[in-house]
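Colleague: Dropping in model30.cif, which is mmCIF, C-alpha atoms:
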```
data_run
#
loop_
_atom_site.label_atom_id
_atom_site.label_comp_id
_atom_site.auth_asym_id
_atom_site.auth_seq_id
_atom_site.Cartn_x
_atom_site.Cartn_y
_atom_site.Cartn_z
CA GLN Q 1 -35.97 -30.74 -57.75
CA ILE Q 2 -37.51 -33.24 -55.33
CA ALA Q 3 -39.59 -34.69 -58.18
CA GLN Q 4 -36.45 -34.95 -60.32
CA LEU Q 5 -34.70 -36.87 -57.54
CA ALA Q 6 -37.62 -39.31 -57.51
CA VAL Q 7 -37.14 -39.81 -61.27
CA ASP Q 8 -33.41 -40.39 -60.78
CA ARG Q 9 -34.13 -42.91 -58.03
CA ALA Q 10 -36.57 -44.80 -60.29
CA GLU Q 11 -34.00 -44.86 -63.12
CA VAL Q 12 -31.38 -46.33 -60.79
CA SER Q 13 -33.87 -48.96 -59.61
CA LEU Q 14 -34.77 -49.91 -63.19
CA HIS Q 15 -31.11 -50.20 -64.10
CA GLY Q 16 -30.58 -52.57 -61.18
CA VAL Q 17 -33.58 -54.72 -62.14
CA ARG Q 18 -32.24 -55.15 -65.67
CA TRP Q 19 -29.16 -56.90 -64.29
CA GLN Q 20 -31.39 -59.70 -62.98
CA PHE Q 21 -31.66 -61.08 -66.51
CA LEU Q 22 -27.89 -61.43 -66.86
CA PRO Q 23 -25.82 -64.27 -65.38
CA ASN Q 24 -23.83 -63.76 -62.22
CA ILE Q 25 -20.13 -64.29 -62.93
CA ASN Q 26 -17.42 -64.46 -60.31
CA SER Q 27 -13.81 -65.54 -60.24
CA SER Q 28 -11.66 -66.90 -57.43
CA ALA Q 29 -7.97 -67.53 -56.79
CA GLY Q 30 -6.07 -68.87 -53.82
CA GLU Q 31 -2.72 -70.14 -52.68
CA TYR Q 32 -2.16 -72.40 -49.67
CA TRP Q 33 0.71 -73.73 -47.58
CA SER Q 34 0.46 -76.60 -45.15
CA LYS Q 35 2.62 -79.14 -43.30
CA SER Q 36 1.66 -82.70 -42.42
CA ASN Q 37 3.97 -85.32 -40.82
CA ASP Q 38 6.91 -83.02 -41.33
CA GLN Q 39 6.06 -82.83 -45.04
CA PRO Q 40 5.38 -79.28 -46.30
CA SER Q 41 2.99 -78.86 -49.16
CA HIS Q 42 1.99 -76.02 -51.45
CA ASP Q 43 -1.23 -75.67 -53.41
CA PHE Q 44 -3.00 -73.03 -55.47
CA SER Q 45 -6.29 -72.77 -57.37
CA MET Q 46 -8.13 -70.43 -59.69
CA GLY Q 47 -11.49 -70.56 -61.33
CA VAL Q 48 -14.45 -68.87 -62.96
CA ASN Q 49 -18.09 -69.67 -62.11
CA ALA Q 50 -21.35 -68.40 -63.55
CA SER Q 51 -24.97 -68.89 -62.58
CA MET Q 52 -28.19 -67.79 -64.17
CA THR Q 53 -31.87 -68.11 -63.31
CA LEU Q 54 -33.74 -69.67 -66.20
CA PHE Q 55 -37.23 -69.60 -64.73
CA ASP Q 56 -38.60 -67.99 -61.55
CA GLY Q 57 -42.32 -67.90 -62.23
CA MET Q 58 -41.92 -64.65 -64.22
CA SER Q 59 -40.99 -62.85 -61.01
CA SER Q 60 -38.01 -61.04 -62.58
CA TRP Q 61 -40.06 -60.01 -65.59
CA ASN Q 62 -42.87 -58.67 -63.42
CA ASN Q 63 -40.36 -56.74 -61.29
CA TYR Q 64 -38.90 -55.25 -64.47
CA LYS Q 65 -42.34 -54.15 -65.68
CA GLN Q 66 -43.09 -52.69 -62.25
CA SER Q 67 -39.85 -50.70 -62.31
CA LYS Q 68 -40.62 -49.33 -65.77
CA LEU Q 69 -44.07 -48.24 -64.66
CA THR Q 70 -42.64 -46.70 -61.51
CA LEU Q 71 -40.20 -44.68 -63.61
CA ARG Q 72 -43.00 -43.48 -65.86
CA GLN Q 73 -45.10 -42.64 -62.82
CA SER Q 74 -42.23 -40.59 -61.37
CA GLN Q 75 -41.91 -38.70 -64.65
CA LEU Q 76 -45.63 -37.92 -64.54
CA GLN Q 77 -45.26 -36.82 -60.93
CA MET Q 78 -42.58 -34.38 -62.05
CA GLN Q 79 -44.94 -33.07 -64.72
CA HIS Q 80 -47.62 -32.66 -62.04
CA SER Q 81 -45.11 -30.76 -59.91
CA ARG Q 82 -44.49 -28.41 -62.83
CA HIS Q 83 -48.21 -27.69 -63.03
CA THR Q 84 -48.37 -27.05 -59.29
CA VAL Q 85 -45.45 -24.64 -59.43
CA GLY Q 86 -46.99 -23.05 -62.51
CA GLU Q 87 -50.18 -22.35 -60.59
CA GLN Q 88 -48.23 -20.83 -57.72
CA VAL Q 89 -46.17 -18.66 -60.07
CA LEU Q 90 -49.32 -17.56 -61.89
CA ASN Q 91 -51.02 -16.61 -58.64
CA ALA Q 92 -47.99 -14.63 -57.42
CA TYR Q 93 -47.56 -12.99 -60.83
CA LEU Q 94 -51.17 -11.80 -61.09
CA THR Q 95 -51.19 -10.65 -57.47
CA PHE Q 96 -48.07 -8.64 -58.25
CA LEU Q 97 -49.74 -7.08 -61.30
CA MET Q 98 -52.87 -6.22 -59.33
CA THR Q 99 -50.82 -4.56 -56.58
CA ARG Q 100 -48.74 -2.63 -59.09
CA GLU Q 101 -51.85 -1.39 -60.88
CA ARG Q 102 -53.38 -0.49 -57.53
CA LEU Q 103 -50.20 1.46 -56.72
CA GLY Q 104 -50.60 3.46 -59.93
CA TYR Q 105 -54.10 4.52 -58.90
CA GLN Q 106 -52.88 5.23 -55.37
CA GLN Q 107 -50.05 7.46 -56.59
CA HIS Q 108 -52.50 9.45 -58.70
CA LEU Q 109 -54.77 9.76 -55.68
CA LEU Q 110 -51.78 10.85 -53.60
CA GLU Q 111 -51.10 13.68 -56.03
CA ASN Q 112 -54.72 14.81 -55.74
CA CYS Q 113 -54.51 14.68 -51.94
CA GLN Q 114 -51.35 16.81 -51.99
CA LEU Q 115 -53.03 19.32 -54.28
CA GLN Q 116 -56.16 19.43 -52.10
CA LEU Q 117 -54.04 19.99 -48.98
CA SER Q 118 -52.09 22.80 -50.65
CA GLU Q 119 -55.28 24.56 -51.73
CA GLY Q 120 -56.87 23.89 -48.34
CA LEU Q 121 -53.89 25.42 -46.57
CA LEU Q 122 -54.33 28.65 -48.53
CA GLN Q 123 -58.04 28.72 -47.70
CA TYR Q 124 -57.29 27.91 -44.05
CA LYS Q 125 -54.85 30.81 -43.77
CA VAL Q 126 -57.38 33.33 -45.13
CA GLY Q 127 -60.16 31.93 -42.94
CA LYS Q 128 -62.22 30.26 -45.67
CA MET Q 129 -61.70 26.76 -44.18
CA ILE Q 130 -62.19 25.74 -40.61
CA ASP Q 131 -59.54 23.83 -38.70
CA SER Q 132 -61.43 20.51 -38.64
CA GLU Q 133 -61.73 20.44 -42.43
CA TYR Q 134 -58.04 21.16 -42.81
CA GLN Q 135 -57.22 18.34 -40.39
CA LEU Q 136 -59.37 16.00 -42.47
CA LEU Q 137 -57.38 16.86 -45.58
CA LEU Q 138 -54.13 16.35 -43.70
CA ALA Q 139 -55.26 12.97 -42.35
CA ASN Q 140 -56.42 11.98 -45.81
CA LEU Q 141 -52.99 12.77 -47.22
CA ARG Q 142 -51.24 10.77 -44.50
CA ARG Q 143 -53.50 7.79 -45.17
CA ALA Q 144 -52.78 7.97 -48.91
CA GLU Q 145 -49.03 8.10 -48.22
CA MET Q 146 -49.25 5.13 -45.88
CA GLU Q 147 -51.24 3.03 -48.36
CA ALA Q 148 -48.80 3.86 -51.17
CA ALA Q 149 -45.86 2.83 -48.97
CA ASN Q 150 -47.56 -0.43 -48.00
CA LEU Q 151 -48.31 -1.23 -51.64
CA LYS Q 152 -44.62 -0.76 -52.51
CA LEU Q 153 -43.66 -3.13 -49.71
CA SER Q 154 -46.20 -5.67 -50.94
CA ILE Q 155 -44.70 -5.48 -54.43
CA GLU Q 156 -41.25 -6.22 -53.01
CA GLU Q 157 -42.69 -9.19 -51.14
CA PHE Q 158 -44.33 -10.60 -54.29
CA VAL Q 159 -41.06 -10.22 -56.20
CA LEU Q 160 -39.31 -12.26 -53.50
CA ASP Q 161 -42.02 -14.91 -53.80
CA LEU Q 162 -41.44 -15.12 -57.54
CA HIS Q 163 -37.70 -15.48 -57.01
CA VAL Q 164 -38.32 -18.40 -54.64
CA LEU Q 165 -40.86 -20.11 -56.90
CA LEU Q 166 -38.63 -19.72 -59.97
CA ASN Q 167 -35.52 -20.67 -57.97
CA LEU Q 168 -33.71 -17.51 -59.09
CA PRO Q 169 -30.77 -15.89 -57.30
CA ASP Q 170 -31.39 -12.59 -55.58
CA GLU Q 171 -29.23 -10.62 -58.01
CA VAL Q 172 -31.49 -11.50 -60.96
CA VAL Q 173 -33.77 -8.58 -61.80
CA LEU Q 174 -37.24 -9.63 -62.94
CA GLU Q 175 -38.79 -7.70 -65.81
CA ILE Q 176 -42.52 -8.29 -65.41
CA ASP Q 177 -44.82 -7.21 -68.22
CA PRO Q 178 -48.52 -6.55 -67.62
CA ILE Q 179 -51.33 -8.57 -69.15
CA ASN Q 180 -53.65 -6.91 -71.62
CA LEU Q 181 -57.14 -8.06 -70.69
CA ASN Q 182 -58.44 -7.20 -74.14
CA GLN Q 183 -56.57 -10.23 -75.49
CA TYR Q 184 -58.90 -12.57 -73.62
CA ASP Q 185 -62.20 -13.53 -75.11
CA THR Q 186 -64.90 -13.40 -72.48
CA THR Q 187 -66.53 -16.43 -74.12
CA ILE Q 188 -65.43 -19.43 -72.06
CA PRO Q 189 -65.23 -22.79 -73.89
CA PRO Q 190 -67.80 -25.49 -72.99
CA VAL Q 191 -66.98 -27.40 -69.84
CA ASP Q 192 -67.03 -30.79 -71.61
CA LEU Q 193 -64.38 -29.59 -74.04
CA ILE Q 194 -62.24 -28.30 -71.18
CA ILE Q 195 -62.54 -31.65 -69.35
CA GLN Q 196 -61.58 -33.55 -72.50
CA ARG Q 197 -58.50 -31.40 -73.08
CA ALA Q 198 -57.54 -31.60 -69.40
CA LEU Q 199 -57.73 -35.39 -69.44
CA GLU Q 200 -55.39 -35.41 -72.44
CA THR Q 201 -52.79 -33.07 -70.93
CA GLN Q 202 -52.94 -33.45 -67.15
CA PRO Q 203 -50.98 -36.32 -65.53
CA ASP Q 204 -53.29 -36.81 -62.53
CA LEU Q 205 -55.33 -39.72 -63.90
CA SER Q 206 -52.33 -41.23 -65.68
CA ILE Q 207 -50.48 -41.36 -62.36
CA ALA Q 208 -53.41 -43.18 -60.75
CA GLN Q 209 -53.66 -45.55 -63.74
CA MET Q 210 -49.96 -46.32 -63.40
CA GLY Q 211 -50.61 -47.16 -59.76
CA VAL Q 212 -53.19 -49.76 -60.85
CA GLU Q 213 -50.80 -51.30 -63.37
CA ILE Q 214 -48.00 -51.44 -60.78
CA ALA Q 215 -50.33 -53.15 -58.29
CA ARG Q 216 -51.44 -55.62 -60.98
CA PHE Q 217 -47.84 -56.66 -61.65
CA GLY Q 218 -47.41 -56.88 -57.89
CA VAL Q 219 -50.08 -59.59 -57.81
CA ARG Q 220 -48.28 -61.49 -60.55
CA SER Q 221 -44.98 -61.21 -58.70
CA ALA Q 222 -46.57 -62.52 -55.52
CA ARG Q 223 -48.01 -65.52 -57.37
CA ALA Q 224 -44.54 -66.42 -58.65
CA VAL Q 225 -43.70 -68.04 -55.29
CA TYR Q 226 -46.05 -70.92 -56.20
CA PHE Q 227 -43.83 -71.88 -59.14
CA PRO Q 228 -40.51 -73.73 -59.04
CA THR Q 229 -37.25 -71.94 -59.75
CA LEU Q 230 -34.81 -73.35 -62.30
CA SER Q 231 -31.22 -72.11 -62.46
CA LEU Q 232 -28.11 -73.03 -64.43
CA SER Q 233 -24.56 -72.99 -63.10
CA ILE Q 234 -21.32 -73.38 -65.05
CA GLY Q 235 -17.79 -73.32 -63.69
CA SER Q 236 -14.19 -74.01 -64.55
CA ASN Q 237 -11.50 -74.35 -61.87
CA TYR Q 238 -7.83 -75.22 -62.02
CA TYR Q 239 -5.98 -76.78 -59.07
CA GLY Q 240 -2.20 -76.79 -58.86
CA GLY Q 241 -2.05 -79.94 -56.70
CA ASN Q 242 -0.31 -80.54 -53.40
CA LYS Q 243 3.24 -79.76 -54.45
CA GLY Q 244 5.82 -81.01 -51.97
CA LEU Q 245 4.02 -84.21 -50.91
CA VAL Q 246 5.76 -87.55 -51.68
CA ASP Q 247 4.44 -91.08 -51.59
CA GLY Q 248 6.07 -94.08 -49.99
CA LEU Q 249 8.35 -94.57 -52.97
CA GLY Q 250 9.57 -91.00 -52.80
CA HIS Q 251 7.61 -89.82 -55.84
CA PHE Q 252 6.06 -86.35 -55.76
CA ILE Q 253 2.28 -86.34 -55.62
CA ASN Q 254 0.53 -83.93 -57.96
CA GLN Q 255 -3.28 -84.00 -57.94
CA GLY Q 256 -3.76 -80.80 -59.87
CA GLY Q 257 -5.59 -80.20 -63.10
CA LEU Q 258 -8.55 -78.49 -64.72
CA ASN Q 259 -12.03 -79.22 -63.45
CA ASN Q 260 -15.13 -78.19 -65.43
CA ASN Q 261 -18.69 -78.43 -64.17
CA MET Q 262 -22.19 -77.62 -65.31
CA GLY Q 263 -25.46 -78.27 -63.58
CA PHE Q 264 -29.10 -77.36 -63.17
CA ASN Q 265 -30.79 -76.58 -59.90
CA LEU Q 266 -34.54 -76.94 -59.44
CA SER Q 267 -36.15 -75.49 -56.32
CA ILE Q 268 -39.77 -76.47 -55.67
CA PRO Q 269 -41.75 -74.70 -52.91
CA ILE Q 270 -43.49 -77.16 -50.62
CA LEU Q 271 -44.19 -75.76 -47.14
CA ASN Q 272 -44.25 -72.00 -47.74
CA TYR Q 273 -47.81 -71.71 -49.02
CA SER Q 274 -49.00 -69.92 -45.90
CA SER Q 275 -46.53 -67.10 -46.41
CA ALA Q 276 -47.13 -67.10 -50.16
CA LYS Q 277 -50.88 -66.96 -49.69
CA SER Q 278 -50.51 -63.93 -47.39
CA GLN Q 279 -48.35 -62.16 -49.95
CA VAL Q 280 -50.86 -62.82 -52.72
CA ARG Q 281 -53.78 -61.62 -50.61
CA GLN Q 282 -51.89 -58.48 -49.64
CA SER Q 283 -51.04 -57.75 -53.27
CA LYS Q 284 -54.69 -58.22 -54.27
CA ILE Q 285 -55.76 -55.78 -51.58
CA ASN Q 286 -53.22 -53.29 -52.92
CA LEU Q 287 -54.69 -53.73 -56.41
CA GLN Q 288 -58.24 -53.17 -55.17
CA GLN Q 289 -57.12 -50.06 -53.30
CA ALA Q 290 -55.38 -48.69 -56.39
CA GLU Q 291 -58.50 -49.29 -58.51
CA ILE Q 292 -60.68 -47.51 -55.94
CA GLU Q 293 -58.25 -44.58 -55.81
CA LEU Q 294 -58.32 -44.38 -59.62
CA GLY Q 295 -62.12 -44.14 -59.63
CA GLN Q 296 -62.10 -41.51 -56.89
CA LYS Q 297 -59.35 -39.55 -58.63
CA SER Q 298 -61.28 -39.56 -61.90
CA GLN Q 299 -64.42 -38.28 -60.21
CA GLU Q 300 -62.56 -35.68 -58.15
CA PHE Q 301 -60.66 -34.42 -61.19
CA ARG Q 302 -63.84 -33.88 -63.20
CA GLN Q 303 -65.50 -32.14 -60.26
CA GLN Q 304 -62.42 -29.94 -59.85
CA VAL Q 305 -62.56 -28.85 -63.49
CA LYS Q 306 -66.31 -28.17 -63.28
CA LYS Q 307 -65.87 -26.10 -60.11
CA MET Q 308 -63.11 -24.09 -61.74
CA TYR Q 309 -65.32 -23.58 -64.79
CA VAL Q 310 -68.18 -22.29 -62.62
CA ALA Q 311 -65.78 -20.08 -60.65
CA THR Q 312 -64.51 -18.58 -63.91
CA GLN Q 313 -68.06 -17.81 -65.06
CA GLN Q 314 -68.79 -16.15 -61.73
CA ALA Q 315 -65.53 -14.20 -61.86
CA LEU Q 316 -66.40 -12.95 -65.34
CA ASN Q 317 -69.83 -11.75 -64.20
CA ASN Q 318 -68.29 -10.04 -61.16
CA TYR Q 319 -65.64 -8.40 -63.32
CA LEU Q 320 -68.12 -6.99 -65.83
CA SER Q 321 -70.31 -5.65 -63.02
CA ALA Q 322 -67.39 -4.18 -61.05
CA GLN Q 323 -66.04 -2.55 -64.21
CA GLN Q 324 -69.27 -0.62 -64.70
CA GLN Q 325 -69.40 0.34 -61.02
CA GLU Q 326 -65.80 1.57 -61.07
CA GLN Q 327 -66.50 3.74 -64.10
CA ALA Q 328 -69.62 5.18 -62.47
CA TYR Q 329 -67.94 5.91 -59.12
CA ARG Q 330 -64.91 7.40 -60.87
CA ALA Q 331 -67.12 9.78 -62.85
CA ASN Q 332 -69.04 10.67 -59.70
CA TYR Q 333 -65.80 11.33 -57.77
CA ARG Q 334 -64.49 13.59 -60.53
CA ASP Q 335 -67.76 15.49 -60.48
CA TYR Q 336 -67.45 16.02 -56.72
CA GLN Q 337 -63.85 17.16 -57.17
CA LYS Q 338 -65.04 19.78 -59.64
CA ARG Q 339 -67.85 20.89 -57.34
CA TYR Q 340 -65.43 20.97 -54.40
CA ASN Q 341 -63.09 23.25 -56.32
CA GLU Q 342 -66.08 25.48 -57.08
CA GLY Q 343 -66.98 25.55 -53.37
CA LYS Q 344 -70.33 23.81 -53.85
CA VAL Q 345 -69.56 20.81 -51.56
CA GLY Q 346 -67.50 20.51 -48.41
CA THR Q 347 -64.48 18.44 -47.50
CA VAL Q 348 -66.51 15.74 -45.75
CA GLU Q 349 -68.67 15.11 -48.81
CA LEU Q 350 -65.61 14.96 -51.07
CA LEU Q 351 -63.80 12.47 -48.86
CA GLN Q 352 -66.91 10.31 -48.61
CA GLN Q 353 -67.10 10.11 -52.39
CA GLN Q 354 -63.37 9.40 -52.52
CA ASP Q 355 -63.77 6.45 -50.13
CA SER Q 356 -66.70 5.16 -52.20
CA TYR Q 357 -64.61 5.37 -55.35
CA LEU Q 358 -61.66 3.61 -53.70
CA GLY Q 359 -63.97 0.80 -52.57
CA ALA Q 360 -65.32 0.40 -56.11
CA LEU Q 361 -61.77 0.52 -57.48
CA ASN Q 362 -60.61 -2.23 -55.12
CA ASP Q 363 -63.59 -4.38 -56.08
CA TYR Q 364 -62.84 -3.79 -59.76
CA LEU Q 365 -59.17 -4.74 -59.48
CA GLN Q 366 -59.93 -7.78 -57.33
CA SER Q 367 -62.59 -9.07 -59.73
CA LYS Q 368 -60.44 -8.29 -62.76
CA TYR Q 369 -57.45 -10.31 -61.58
CA THR Q 370 -59.60 -13.06 -60.12
CA PHE Q 371 -61.10 -13.51 -63.58
CA LEU Q 372 -57.64 -13.44 -65.14
CA LEU Q 373 -56.37 -16.02 -62.66
CA ASN Q 374 -59.26 -18.39 -63.31
CA MET Q 375 -58.91 -18.00 -67.07
CA LYS Q 376 -55.20 -18.74 -66.94
CA LEU Q 377 -55.82 -21.73 -64.66
CA LEU Q 378 -58.27 -23.12 -67.20
CA GLU Q 379 -55.65 -22.61 -69.90
CA LEU Q 380 -53.06 -24.32 -67.74
CA LEU Q 381 -55.37 -27.29 -67.29
CA GLN Q 382 -55.45 -27.68 -71.07
CA THR Q 383 -51.68 -27.31 -71.50
CA SER Q 384 -49.04 -30.00 -71.22
CA LEU Q 385 -45.88 -28.80 -69.46
#
```
Please re-express this file's structure in structure tokens.
Modeller:
Amino acid sequence: QIAQLAVDRAEVSLHGVRWQFLPNINSSAGEYWSKSNDQPSHDFSMGVNASMTLFDGMSSWNNYKQSKLTLRQSQLQMQHSRHTVGEQVLNAYLTFLMTRERLGYQQHLLENCQLQLSEGLLQYKVGKMIDSEYQLLLANLRRAEMEAANLKLSIEEFVLDLHVLLNLPDEVVLEIDPINLNQYDTTIPPVDLIIQRALETQPDLSIAQMGVEIARFGVRSARAVYFPTLSLSIGSNYYGGNKGLVDGLGHFINQGGLNNNMGFNLSIPILNYSSAKSQVRQSKINLQQAEIELGQKSQEFRQQVKKMYVATQQALNNYLSAQQQEQAYRANYRDYQKRYNEGKVGTVELLQQQDSYLGALNDYLQSKYTFLLNMKLLELLQTSL
């Protein structure tokens, strides 16, 4: 919305600049009463006058071009804002999905903890389980319940974040579908191709280039003060005359009538070169600064894409490794559950393997959604919003 207001402001400014090319037209009317030497008089006038600048050293034209570029720059800024919001929405969306998937695992673990506690209680009552082991199972259940409750609260928080980012009212219910990772090819496009597509779709460099063009027209506008200004004025006025005045012979005096005029005005700068020179130097400095910022922006943008490309490669490697570890720890935990039910391992060993599996599961989910986030960010870089 703020970016849209900037676009609206630039449109209003451009509309105002366009009026500089049209003549200024004004009308006037008046009626007067006076008394001189005991003679009252009455007069009235009306007229229309117009003036127009014919030449001002191309200052108006340069201002017009600057305003057009500023409008285009504001539109690109709004596009950049869309990308920024898109990144924030994507991050919140994937974090929500990761938490919801983690909650599914946690609820399944909670069911296992409840079952283990129920079986442990029976063994504790018949003396087959000591009190400390039973307390471990009880504490494990309480921890699982607490983590499940916290995950539900986190999901509510992420939903609120999405409502804010999407500017949705609270009564709107979001239906969020999961992402199927199998749809994504683990082969990442070459970095040069990604940079090329990003340069074609992202507004970052275009905004900086617009800044250079605006500064260049600023130099031309500053130089316009060295040139003379030529303007044209045309007017037509009607005077009613001093009605009521009489001459020495007693005749009424009437000096009214229609008066037309047209003229040119030439203004030549003579003693303002010091101020003009300062304006030109300042505008040249602004141009140099804009050109430097464009070069820096181009380099930073390419480095940003390369860093994101490397981060995506690393995230893919971490995801593939964590996926294998999660599968191995899950199989190991299930084996210990079976051996625990058979009485071959104790409660401490089972809970140790459970914690190891939960650690591997967290690493797997974190690496999975980190890879998804980086992949989607690369896609967003190559997409025009």
Colleague: Taking (-64.1, 5.4, -54.0) in the coordinates of the supplied file, I want to know which residues reach to within 12 Å of it, counting all atoms listed in the file; could you give the answer as a PyMOL selection string?
Modeller: chain Q and resi 105-106+109+325-334+336+349-364
Colleague: Applying the PyMOL selection byres ((chain Q and resi 231) around 8) to the file I just gave you, which residues come out? Please list them as a PDB file with C-alpha atoms, keeping the file's coordinate frame.
Modeller:
```pdb
ATOM      1  CA  SER Q  51     -24.970 -68.890 -62.580  1.00  0.00           C
ATOM      2  CA  MET Q  52     -28.190 -67.790 -64.170  1.00  0.00           C
ATOM      3  CA  THR Q  53     -31.870 -68.110 -63.310  1.00  0.00           C
ATOM      4  CA  LEU Q  54     -33.740 -69.670 -66.200  1.00  0.00           C
ATOM      5  CA  PHE Q  55     -37.230 -69.600 -64.730  1.00  0.00           C
ATOM      6  CA  THR Q 229     -37.250 -71.940 -59.750  1.00  0.00           C
ATOM      7  CA  LEU Q 230     -34.810 -73.350 -62.300  1.00  0.00           C
ATOM      8  CA  LEU Q 232     -28.110 -73.030 -64.430  1.00  0.00           C
ATOM      9  CA  SER Q 233     -24.560 -72.990 -63.100  1.00  0.00           C
ATOM     10  CA  PHE Q 264     -29.100 -77.360 -63.170  1.00  0.00           C
ATOM     11  CA  ASN Q 265     -30.790 -76.580 -59.900  1.00  0.00           C
ATOM     12  CA  LEU Q 266     -34.540 -76.940 -59.440  1.00  0.00           C
TER      13      LEU Q 266
END
```
Colleague: Could you check which of Q:Ser67, Q:Leu137, Q:Asn317, Q:Arg216 is closest to Val17 in chain Q, using all atoms listed in the file?
Modeller: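 Distance minimum relative to Val17 in chain Q lands on Q:Ser67.
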Colleague: Mind giving me the straight-line distance from CA of Ser28 in chain Q to CA of Met46 in chain Q in Å, one decimal?
Modeller: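 Those two atoms sit 5.5 Å apart.
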Colleague: Got a sec to check which residues sit within 12 Å of (-36.3, -5.5, -61.3), counting only C-alpha atoms, and write them as a PyMOL selection string?
Modeller: chain Q and resi 155-156+158-160+162-163+170-177
Colleague: Taking all atoms of range 91-98 of chain Q that the file lists, what box with edges along x, y and z, padded by 6 Å per side, do you get, with centre and edge lengths in Å to one decimal, as lines of an AutoDock Vina configuration file?
Modeller:
```
center_x = -50.2
center_y = -11.4
center_z = -59.4
size_x = 17.3
size_y = 22.4
size_z = 15.9
```
